[in-house]
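Enquirer: Here you go, this is run-v3.csv (CSV, C-alpha atoms and all ligand atoms).
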chain,number,residue,atom,x,y,z
S,17,MET,CA,-41.7,-50.7,225.7
S,18,ASP,CA,-41.8,-50.4,229.5
S,19,VAL,CA,-38.8,-51.0,231.8
S,20,GLN,CA,-39.8,-54.5,232.7
S,21,ASP,CA,-39.9,-55.5,229.1
S,22,LYS,CA,-36.5,-53.9,228.5
S,23,ILE,CA,-35.1,-55.9,231.5
S,24,LYS,CA,-36.5,-59.1,230.1
S,25,LYS,CA,-35.0,-58.3,226.7
S,26,ILE,CA,-31.5,-57.6,228.1
S,27,GLU,CA,-31.7,-60.9,230.1
S,28,GLU,CA,-32.5,-62.8,227.0
S,29,GLN,CA,-29.7,-61.1,225.1
S,30,ILE,CA,-27.2,-62.0,227.8
S,31,GLU,CA,-28.3,-65.6,227.9
S,32,ASP,CA,-27.8,-65.6,224.2
S,33,THR,CA,-24.4,-64.1,224.0
S,34,VAL,CA,-22.8,-66.0,226.9
S,35,LYS,CA,-23.1,-69.2,224.9
S,36,ASP,CA,-20.6,-67.8,222.4
S,37,ILE,CA,-18.0,-66.5,224.9
S,38,LYS,CA,-14.9,-68.6,224.3
S,39,THR,CA,-12.1,-66.3,225.2
S,40,SER,CA,-11.2,-63.7,227.8
S,41,LYS,CA,-11.2,-61.1,225.1
S,42,THR,CA,-14.9,-61.6,224.1
S,43,LEU,CA,-15.8,-61.8,227.8
S,44,GLN,CA,-14.3,-58.3,228.3
S,45,GLU,CA,-16.2,-57.0,225.3
S,46,MET,CA,-19.5,-58.3,226.6
S,47,LYS,CA,-18.9,-56.9,230.1
S,48,MET,CA,-18.4,-53.5,228.5
S,49,ARG,CA,-21.5,-53.9,226.4
S,50,PHE,CA,-23.8,-54.6,229.3
S,51,LEU,CA,-22.0,-53.3,232.4
S,52,GLY,CA,-19.7,-50.6,231.1
S,53,LYS,CA,-20.4,-46.9,231.9
S,54,THR,CA,-22.1,-46.4,228.6
S,55,GLY,CA,-23.5,-50.0,228.6
S,56,GLU,CA,-27.1,-51.1,228.2
S,57,ILE,CA,-27.8,-51.6,232.0
S,58,SER,CA,-26.3,-48.2,232.8
S,59,ALA,CA,-28.5,-46.6,230.2
S,60,LEU,CA,-31.6,-48.1,231.9
S,61,LEU,CA,-30.4,-46.7,235.3
S,62,LYS,CA,-30.1,-43.3,233.7
S,63,ASN,CA,-33.7,-43.4,232.5
S,64,MET,CA,-34.9,-43.7,236.1
S,65,ARG,CA,-35.4,-39.9,236.0
S,66,ASP,CA,-38.4,-40.4,233.7
S,67,VAL,CA,-40.0,-42.9,235.9
S,68,PRO,CA,-42.8,-41.5,238.2
S,69,PRO,CA,-41.4,-41.1,241.8
S,70,GLU,CA,-43.8,-43.7,243.3
S,71,GLN,CA,-42.5,-46.4,241.0
S,72,ARG,CA,-38.8,-45.6,241.4
S,73,PRO,CA,-38.0,-47.9,244.4
S,74,ALA,CA,-39.5,-50.9,242.7
S,75,MET,CA,-37.8,-50.1,239.5
S,76,GLY,CA,-34.5,-49.5,241.3
S,77,LYS,CA,-34.8,-52.9,242.9
S,78,LEU,CA,-35.4,-54.6,239.6
S,79,LEU,CA,-32.5,-52.9,237.9
S,80,ASN,CA,-30.1,-53.7,240.7
S,81,ALA,CA,-31.1,-57.3,240.6
S,82,LEU,CA,-30.5,-57.3,236.9
S,83,ARG,CA,-27.0,-55.9,237.4
S,84,GLN,CA,-26.1,-58.4,240.1
S,85,TRP,CA,-27.4,-61.3,238.0
S,86,THR,CA,-25.4,-60.1,235.0
S,87,GLU,CA,-22.2,-59.7,237.1
S,88,GLU,CA,-22.5,-63.2,238.6
S,89,LYS,CA,-23.1,-64.6,235.2
S,90,PHE,CA,-19.9,-63.0,233.8
S,91,ASP,CA,-17.9,-63.9,236.9
S,92,SER,CA,-18.7,-67.6,236.6
S,93,ILE,CA,-17.8,-67.5,232.9
S,94,GLU,CA,-14.5,-65.8,233.8
S,95,SER,CA,-13.5,-68.5,236.3
S,96,ARG,CA,-14.5,-71.2,233.9
S,97,LEU,CA,-12.3,-69.6,231.1
S,98,LYS,CA,-9.4,-69.2,233.4
S,99,GLU,CA,-9.5,-72.8,234.3
S,100,LEU,CA,-9.6,-73.9,230.7
S,101,GLU,CA,-6.7,-71.6,229.7
S,102,LEU,CA,-4.6,-73.0,232.6
S,103,LYS,CA,-5.4,-76.5,231.5
S,104,LYS,CA,-4.4,-75.7,228.0
S,105,ARG,CA,-1.1,-74.2,229.1
S,106,TYR,CA,-0.3,-77.1,231.3
S,107,SER,CA,-0.8,-79.6,228.4
S,108,GLU,CA,1.3,-77.5,226.1
S,109,GLU,CA,4.1,-77.2,228.6
S,110,LYS,CA,4.2,-80.9,229.3
S,111,ILE,CA,7.7,-82.4,229.2
S,112,ASP,CA,8.3,-86.0,228.4
S,113,VAL,CA,11.4,-86.8,230.6
S,114,THR,CA,11.8,-90.1,228.9
S,115,MET,CA,12.5,-88.6,225.4
S,116,PRO,CA,16.1,-89.1,224.2
S,117,ALA,CA,18.1,-85.9,224.4
S,118,GLU,CA,19.2,-84.0,221.3
S,119,ILE,CA,22.9,-84.7,220.8
S,120,SER,CA,24.8,-81.5,220.0
S,121,ASP,CA,27.7,-81.6,217.6
S,122,ASP,CA,31.1,-80.7,218.8
S,123,GLY,CA,32.8,-77.8,217.2
S,124,ALA,CA,36.5,-77.6,216.2
S,125,TYR,CA,39.1,-75.0,215.6
S,126,HIS,CA,39.0,-73.5,212.1
S,127,PRO,CA,42.1,-74.2,210.0
S,128,ASN,CA,42.7,-70.5,209.9
S,129,THR,CA,42.7,-70.3,213.6
S,130,LEU,CA,45.1,-73.3,213.9
S,131,ILE,CA,47.5,-71.7,211.4
S,132,ARG,CA,47.3,-68.3,213.0
S,133,ASN,CA,48.0,-69.7,216.4
S,134,GLU,CA,50.9,-71.8,215.1
S,135,LEU,CA,52.4,-68.8,213.4
S,136,ILE,CA,52.0,-66.7,216.5
S,137,SER,CA,53.7,-69.4,218.6
S,138,ILE,CA,56.6,-69.8,216.1
S,139,PHE,CA,57.2,-66.0,215.8
S,140,SER,CA,56.7,-65.1,219.4
S,141,GLY,CA,59.3,-67.8,220.2
S,142,MET,CA,61.7,-65.6,218.1
S,143,GLY,CA,60.8,-62.5,220.1
S,144,PHE,CA,58.1,-60.9,217.9
S,145,GLU,CA,55.3,-58.9,219.6
S,146,ILE,CA,51.7,-58.9,218.3
S,147,PHE,CA,50.3,-55.6,216.9
S,148,GLU,CA,46.7,-55.5,215.5
S,149,GLY,CA,45.9,-52.5,213.2
S,150,PRO,CA,42.4,-51.4,212.2
S,151,GLU,CA,40.4,-53.0,209.4
S,152,ILE,CA,39.1,-49.7,208.2
S,153,GLU,CA,42.1,-47.6,207.0
S,154,ASN,CA,42.7,-44.4,205.2
S,155,ASP,CA,44.5,-44.1,201.9
S,156,TYR,CA,47.7,-42.9,203.6
S,157,TYR,CA,48.3,-46.0,205.8
S,158,ASN,CA,47.2,-48.5,203.2
S,159,PHE,CA,49.0,-47.1,200.2
S,160,THR,CA,50.7,-43.7,200.2
S,161,ALA,CA,52.9,-44.3,203.3
S,162,LEU,CA,53.8,-47.7,201.8
S,163,ASN,CA,55.4,-45.8,198.9
S,164,THR,CA,52.3,-46.4,196.7
S,165,PRO,CA,51.1,-42.9,195.8
S,166,LYS,CA,47.8,-42.2,193.9
S,167,ASP,CA,48.9,-42.8,190.4
S,168,HIS,CA,51.1,-45.8,191.2
S,169,PRO,CA,50.5,-48.8,189.0
S,170,ALA,CA,50.9,-51.2,191.9
S,171,ARG,CA,47.5,-50.0,193.2
S,172,ASP,CA,45.9,-52.1,190.4
S,173,MET,CA,47.2,-55.3,192.0
S,174,GLN,CA,44.8,-54.8,194.9
S,175,ASP,CA,41.2,-54.0,193.9
S,176,THR,CA,40.1,-51.9,196.8
S,177,PHE,CA,36.7,-51.5,198.5
S,178,TYR,CA,36.3,-47.8,199.3
S,179,LEU,CA,33.9,-46.7,202.0
S,180,ALA,CA,34.4,-42.9,201.3
S,181,GLU,CA,36.8,-40.7,199.4
S,182,ASP,CA,39.6,-41.4,201.9
S,183,LEU,CA,38.3,-44.4,203.8
S,184,LEU,CA,38.8,-48.0,202.7
S,185,LEU,CA,38.8,-51.6,203.9
S,186,ARG,CA,42.5,-52.4,204.2
S,187,THR,CA,43.9,-54.5,201.3
S,188,GLN,CA,47.0,-55.6,203.2
S,189,THR,CA,48.1,-55.9,206.8
S,190,SER,CA,51.2,-53.9,205.7
S,191,ALA,CA,49.2,-50.8,206.7
S,192,GLY,CA,50.0,-51.7,210.3
S,193,GLN,CA,53.7,-51.4,209.7
S,194,ILE,CA,53.3,-47.7,209.3
S,195,ARG,CA,51.3,-47.3,212.5
S,196,VAL,CA,53.9,-49.2,214.4
S,197,MET,CA,56.9,-47.3,213.0
S,198,GLU,CA,55.2,-43.9,213.6
S,199,ASN,CA,54.7,-44.7,217.3
S,200,LYS,CA,57.8,-46.8,218.2
S,201,LYS,CA,61.5,-46.3,217.7
S,202,PRO,CA,63.7,-49.2,216.7
S,203,PRO,CA,64.4,-51.9,217.7
S,204,ILE,CA,61.0,-53.0,216.3
S,205,LYS,CA,60.0,-56.7,216.0
S,206,ILE,CA,56.3,-57.1,215.4
S,207,LEU,CA,53.8,-59.7,214.0
S,208,SER,CA,50.5,-58.4,212.8
S,209,PRO,CA,47.7,-60.8,212.0
S,210,GLY,CA,44.3,-59.7,210.6
S,211,LYS,CA,41.6,-59.7,208.0
S,212,VAL,CA,42.1,-57.9,204.7
S,213,TYR,CA,39.6,-57.1,201.9
S,214,ARG,CA,39.9,-57.1,198.1
S,215,SER,CA,37.3,-57.1,195.3
S,216,ASP,CA,38.3,-60.6,194.1
S,217,ASP,CA,36.4,-63.9,194.2
S,218,ASP,CA,37.2,-67.3,192.7
S,219,ALA,CA,38.5,-70.8,193.9
S,220,THR,CA,41.7,-69.3,195.3
S,221,HIS,CA,40.6,-65.8,196.2
S,222,SER,CA,37.9,-64.4,198.5
S,223,PRO,CA,36.8,-60.8,199.1
S,224,MET,CA,37.8,-61.2,202.7
S,225,PHE,CA,40.9,-63.2,203.8
S,226,SER,CA,43.5,-63.2,206.5
S,227,GLN,CA,47.2,-62.1,206.4
S,228,MET,CA,50.1,-62.3,208.8
S,229,GLU,CA,52.6,-59.5,208.5
S,230,GLY,CA,56.0,-59.3,210.1
S,231,LEU,CA,58.4,-56.3,210.5
S,232,VAL,CA,61.9,-56.1,212.0
S,233,VAL,CA,63.8,-52.8,212.1
S,234,ASP,CA,67.1,-52.3,213.9
S,235,LYS,CA,70.7,-51.3,213.3
S,236,GLY,CA,72.5,-53.7,210.8
S,237,ILE,CA,69.5,-55.8,209.7
S,238,THR,CA,70.3,-57.5,206.3
S,239,LEU,CA,68.6,-59.8,203.8
S,240,CYS,CA,70.6,-62.6,205.4
S,241,ASP,CA,68.7,-62.1,208.7
S,242,LEU,CA,65.4,-62.4,206.7
S,243,LYS,CA,66.6,-65.6,205.0
S,244,GLY,CA,67.8,-67.2,208.3
S,245,MET,CA,64.5,-66.4,209.9
S,246,LEU,CA,62.5,-67.7,207.0
S,247,ASP,CA,64.5,-71.0,207.1
S,248,GLU,CA,63.6,-71.4,210.7
S,249,PHE,CA,59.9,-70.6,210.1
S,250,ALA,CA,59.6,-73.0,207.1
S,251,LYS,CA,61.0,-75.9,209.1
S,252,LYS,CA,58.7,-75.3,212.0
S,253,ILE,CA,55.5,-75.0,210.0
S,254,PHE,CA,56.0,-77.4,207.1
S,255,GLY,CA,58.5,-79.9,208.6
S,256,GLY,CA,62.2,-80.5,209.3
S,257,GLY,CA,63.5,-81.1,205.8
S,258,VAL,CA,62.0,-78.0,204.2
S,259,LYS,CA,64.3,-75.4,202.6
S,260,THR,CA,63.6,-71.9,201.3
S,261,ARG,CA,64.7,-69.9,198.3
S,262,LEU,CA,64.2,-66.3,197.4
S,263,ARG,CA,63.2,-65.1,193.9
S,264,PRO,CA,63.4,-61.4,192.9
S,265,SER,CA,60.0,-59.7,192.9
S,266,TYR,CA,58.5,-56.2,193.3
S,267,PHE,CA,56.6,-54.5,196.1
S,268,PRO,CA,56.6,-50.7,196.4
S,269,PHE,CA,57.4,-50.8,200.1
S,270,THR,CA,60.4,-53.1,199.9
S,271,GLU,CA,63.7,-52.8,198.0
S,272,PRO,CA,64.9,-55.3,197.1
S,273,SER,CA,61.7,-57.4,197.1
S,274,VAL,CA,61.5,-61.1,197.1
S,275,GLU,CA,59.0,-63.9,196.6
S,276,VAL,CA,59.7,-66.8,199.1
S,277,ASP,CA,59.4,-70.4,198.0
S,278,VAL,CA,59.6,-73.5,200.2
S,279,SER,CA,60.8,-76.9,198.9
S,280,CYS,CA,57.8,-79.1,198.4
S,281,PHE,CA,57.0,-80.8,201.6
S,282,GLU,CA,54.7,-83.3,199.8
S,283,CYS,CA,57.4,-84.8,197.4
S,284,GLY,CA,60.6,-83.6,199.0
S,285,GLY,CA,61.4,-81.4,196.0
S,286,ASN,CA,61.2,-84.1,193.3
S,287,GLY,CA,58.1,-82.7,191.6
S,288,CYS,CA,54.4,-83.7,192.3
S,289,ARG,CA,50.9,-82.3,191.7
S,290,LEU,CA,51.0,-80.0,194.7
S,291,CYS,CA,54.2,-78.2,193.5
S,292,LYS,CA,53.1,-78.6,189.8
S,293,GLY,CA,56.2,-80.6,189.1
S,294,THR,CA,58.6,-77.7,190.1
S,295,GLY,CA,59.7,-79.0,193.5
S,296,TRP,CA,58.9,-75.5,195.0
S,297,ILE,CA,55.9,-73.8,196.4
S,298,GLU,CA,55.4,-70.0,196.8
S,299,VAL,CA,54.4,-69.1,200.3
S,300,LEU,CA,55.0,-65.4,200.9
S,301,GLY,CA,56.2,-61.9,199.9
S,302,ALA,CA,59.1,-60.1,201.7
S,303,GLY,CA,61.9,-57.7,201.3
S,304,MET,CA,64.1,-55.0,202.9
S,305,VAL,CA,62.0,-52.1,204.0
S,306,ASN,CA,62.2,-49.3,201.4
S,307,ARG,CA,64.2,-46.3,202.7
S,308,ARG,CA,61.5,-44.0,201.6
S,309,VAL,CA,59.0,-45.8,203.9
S,310,LEU,CA,61.4,-45.6,206.9
S,311,GLU,CA,62.0,-41.9,206.2
S,312,GLY,CA,58.3,-41.2,206.0
S,313,CYS,CA,57.9,-42.6,209.5
S,314,GLY,CA,60.7,-40.5,210.9
S,315,ILE,CA,63.3,-43.4,211.0
S,316,ASP,CA,66.7,-42.5,209.6
S,317,PRO,CA,67.4,-45.1,206.9
S,318,ASP,CA,71.2,-44.5,207.1
S,319,GLU,CA,71.1,-45.6,210.7
S,320,TYR,CA,68.5,-48.3,210.6
S,321,THR,CA,67.5,-51.0,208.2
S,322,GLY,CA,64.7,-53.6,208.3
S,323,PHE,CA,62.9,-56.4,206.6
S,324,ALA,CA,59.2,-57.2,206.3
S,325,PHE,CA,57.2,-60.1,205.1
S,326,GLY,CA,53.5,-60.9,204.5
S,327,MET,CA,51.6,-64.1,204.0
S,328,GLY,CA,48.1,-65.2,203.3
S,329,ILE,CA,46.9,-67.4,206.2
S,330,GLU,CA,44.3,-69.2,204.1
S,331,ARG,CA,47.0,-70.0,201.5
S,332,ILE,CA,49.2,-71.5,204.2
S,333,ALA,CA,46.3,-73.5,205.6
S,334,MET,CA,45.3,-74.8,202.1
S,335,LEU,CA,48.9,-75.9,201.4
S,336,LYS,CA,49.5,-77.5,204.8
S,337,TYR,CA,46.2,-79.3,205.1
S,338,GLY,CA,45.8,-80.1,201.3
S,339,ILE,CA,42.5,-78.1,200.9
S,340,ASN,CA,41.8,-77.5,197.2
S,341,ASN,CA,38.9,-75.0,197.4
S,342,MET,CA,39.1,-71.8,199.4
S,343,LYS,CA,35.3,-71.7,199.7
S,344,LEU,CA,35.5,-74.6,202.2
S,345,LEU,CA,37.2,-72.2,204.6
S,346,PHE,CA,34.2,-69.8,204.6
S,347,GLU,CA,31.3,-72.3,204.8
S,348,GLY,CA,31.6,-73.2,208.5
S,349,ASP,CA,30.6,-76.8,207.9
S,350,THR,CA,31.6,-78.8,211.0
S,351,ARG,CA,32.0,-82.0,209.0
S,352,PHE,CA,34.8,-80.2,207.2
S,353,LEU,CA,36.2,-78.3,210.2
S,354,LYS,CA,36.4,-81.4,212.4
S,355,GLN,CA,39.1,-83.0,210.2
S,356,PHE,CA,41.8,-80.6,211.3
S,357,LYS,CA,43.6,-81.0,214.6
S,358,ASP,CA,46.6,-79.3,216.0
S,401,LIG,N1,51.3,-56.7,201.4
S,401,LIG,C1,51.7,-57.7,200.4
S,401,LIG,C2,50.4,-58.2,199.7
S,401,LIG,O1,49.4,-58.1,200.3
S,401,LIG,C3,52.5,-58.8,201.0
S,401,LIG,C4,53.8,-58.3,201.4
S,401,LIG,C5,54.9,-58.4,200.6
S,401,LIG,C6,54.0,-57.8,202.7
S,401,LIG,C7,56.1,-58.0,201.0
S,401,LIG,C8,55.3,-57.4,203.1
S,401,LIG,C9,56.4,-57.5,202.2
S,401,LIG,O2,55.5,-56.9,204.3
S,401,LIG,O3,57.6,-57.1,202.6
S,401,LIG,O4,50.5,-58.7,198.6
Using the file provided, produce a representation of the structure as structure tokens.
Ligand code: DAH
Expert:
Amino acid sequence: MDVQDKIKKIEEQIEDTVKDIKTSKTLQEMKMRFLGKTGEISALLKNMRDVPPEQRPAMGKLLNALRQWTEEKFDSIESRLKELELKKRYSEEKIDVTMPAEISDDGAYHPNTLIRNELISIFSGMGFEIFEGPEIENDYYNFTALNTPKDHPARDMQDTFYLAEDLLLRTQTSAGQIRVMENKKPPIKILSPGKVYRSDDDATHSPMFSQMEGLVVDKGITLCDLKGMLDEFAKKIFGGGVKTRLRPSYFPFTEPSVEVDVSCFECGGNGCRLCKGTGWIEVLGAGMVNRRVLEGCGIDPDEYTGFAFGMGIERIAMLKYGINNMKLLFEGDTRFLKQFKD
């Protein structure tokens, strides 16, 4: 086949392919195929060597004309494609300013947040300072320093998530008491809110929940101080007529230990469904700080005494707002959350 036939053939091929070019990508591929360094037109130009010298100028003219014709062809396709692509983008980005706006739902404070803020406000009014300990603790702070050594049966009360041999997710905010007493000499008066974790899951337990811990250490602190403070707290959070009572209990880090009940704020103590007919509702654990715990933190138990208390924030929220399933506190449903106001 002589060069002229080849040129003709290439022209036909180009006419044929341009019909199918619908995207910039295929356009680029076609440009490479015909005009690229190793493309078909370049191959013909390379073959000029074999053409007899007297025919070369004429051949060169023909080939240059072919190249120019091809370039123009592709350029015009390119500008047509660009225009189409732009039109498509404009139509996709079209905004109808007359469309009604999407109405976004208002959020609300979570019952936990409301109770936590209320507790902080009540206790800071009594002179407590806030201390927040870490959620990842070691065995010493969470158990041993709280008078709960390795083989202590009280460890069974708190099914623990271990992260490593000596690292765990704290099971109680009481761990923070030790961190405070190690670093601060009495008088100490701290309130410690935070998340705690236990391998426990049913209608009244969740693997993660929140506690509020309190600790007071000074000269001459007695159980009467604890009782007086609790009376004040109960009135503020559950209402004016509420009384408290202490029942003997056991925690390794307090001696004596007590369970604190409040008189039922629903029925005034006569007995109803909320208090299961008893007139009393259990709200927290407390006690006088065990002298072994004070000693371990370098505080002389003959000079100083203290009380501590710890409560579940979800439990207080459920009691106060009449929430019967703890799962509702973890679902984040705004229809549920919006029912609670300060
Ligand atoms: N840490 C206890 C628990 O999680 C609650 C508690 C009881 C905390 C008595 C205290 C306390 O500070 O004195 O069950």
Enquirer: Residues within 8 Å of ligand LIG 401 (chain S) (all atoms listed in the file), as a PyMOL selection string?
Expert: chain S and resi 174+187-190+193+227+229-231+267+269-270+273-275+300-305+323-328
Enquirer: What is the distance, in Å and to one decimal place, between atom CA of S:Pro264 and atom CA of S:Asp277?
Expert: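 Atom-to-atom, atom CA of S:Pro264 to atom CA of S:Asp277, that is 11.1 Å.
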Enquirer: Just the number, please: distance in Å from atom CA of S:Asn158 to atom CA of S:Leu184, one decimal.
Expert: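 Between these atoms lies a distance of 8.4 Å.
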Enquirer: Which is closest to S:Ile30 among S:Arg65, S:Lys103, S:Lys166, S:Arg83, if we use only C-alpha atoms?
Expert: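 Nearest to S:Ile30: S:Arg83.
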Enquirer: Name the residues, using the chain letters and numbers of the file, that sit within 12 Å of (45.2, -46.5, 203.6) when counting only C-alpha atoms, and give them as a compact mmCIF listing (two decimals) with C-alpha atoms, in the frame of the given file.
Expert:
# COMPACT_ATOMS: atom_id res chain seq x y z
CA GLY S 149 45.90 -52.50 213.20
CA PRO S 150 42.40 -51.40 212.20
CA GLU S 151 40.40 -53.00 209.40
CA ILE S 152 39.10 -49.70 208.20
CA GLU S 153 42.10 -47.60 207.00
CA ASN S 154 42.70 -44.40 205.20
CA ASP S 155 44.50 -44.10 201.90
CA TYR S 156 47.70 -42.90 203.60
CA TYR S 157 48.30 -46.00 205.80
CA ASN S 158 47.20 -48.50 203.20
CA PHE S 159 49.00 -47.10 200.20
CA THR S 160 50.70 -43.70 200.20
CA ALA S 161 52.90 -44.30 203.30
CA LEU S 162 53.80 -47.70 201.80
CA ASN S 163 55.40 -45.80 198.90
CA THR S 164 52.30 -46.40 196.70
CA PRO S 165 51.10 -42.90 195.80
CA LYS S 166 47.80 -42.20 193.90
CA ARG S 171 47.50 -50.00 193.20
CA THR S 176 40.10 -51.90 196.80
CA PHE S 177 36.70 -51.50 198.50
CA TYR S 178 36.30 -47.80 199.30
CA LEU S 179 33.90 -46.70 202.00
CA ALA S 180 34.40 -42.90 201.30
CA GLU S 181 36.80 -40.70 199.40
CA ASP S 182 39.60 -41.40 201.90
CA LEU S 183 38.30 -44.40 203.80
CA LEU S 184 38.80 -48.00 202.70
CA LEU S 185 38.80 -51.60 203.90
CA ARG S 186 42.50 -52.40 204.20
CA THR S 187 43.90 -54.50 201.30
CA GLN S 188 47.00 -55.60 203.20
CA THR S 189 48.10 -55.90 206.80
CA SER S 190 51.20 -53.90 205.70
CA ALA S 191 49.20 -50.80 206.70
CA GLY S 192 50.00 -51.70 210.30
CA GLN S 193 53.70 -51.40 209.70
CA ILE S 194 53.30 -47.70 209.30
CA ARG S 195 51.30 -47.30 212.50
CA VAL S 212 42.10 -57.90 204.70
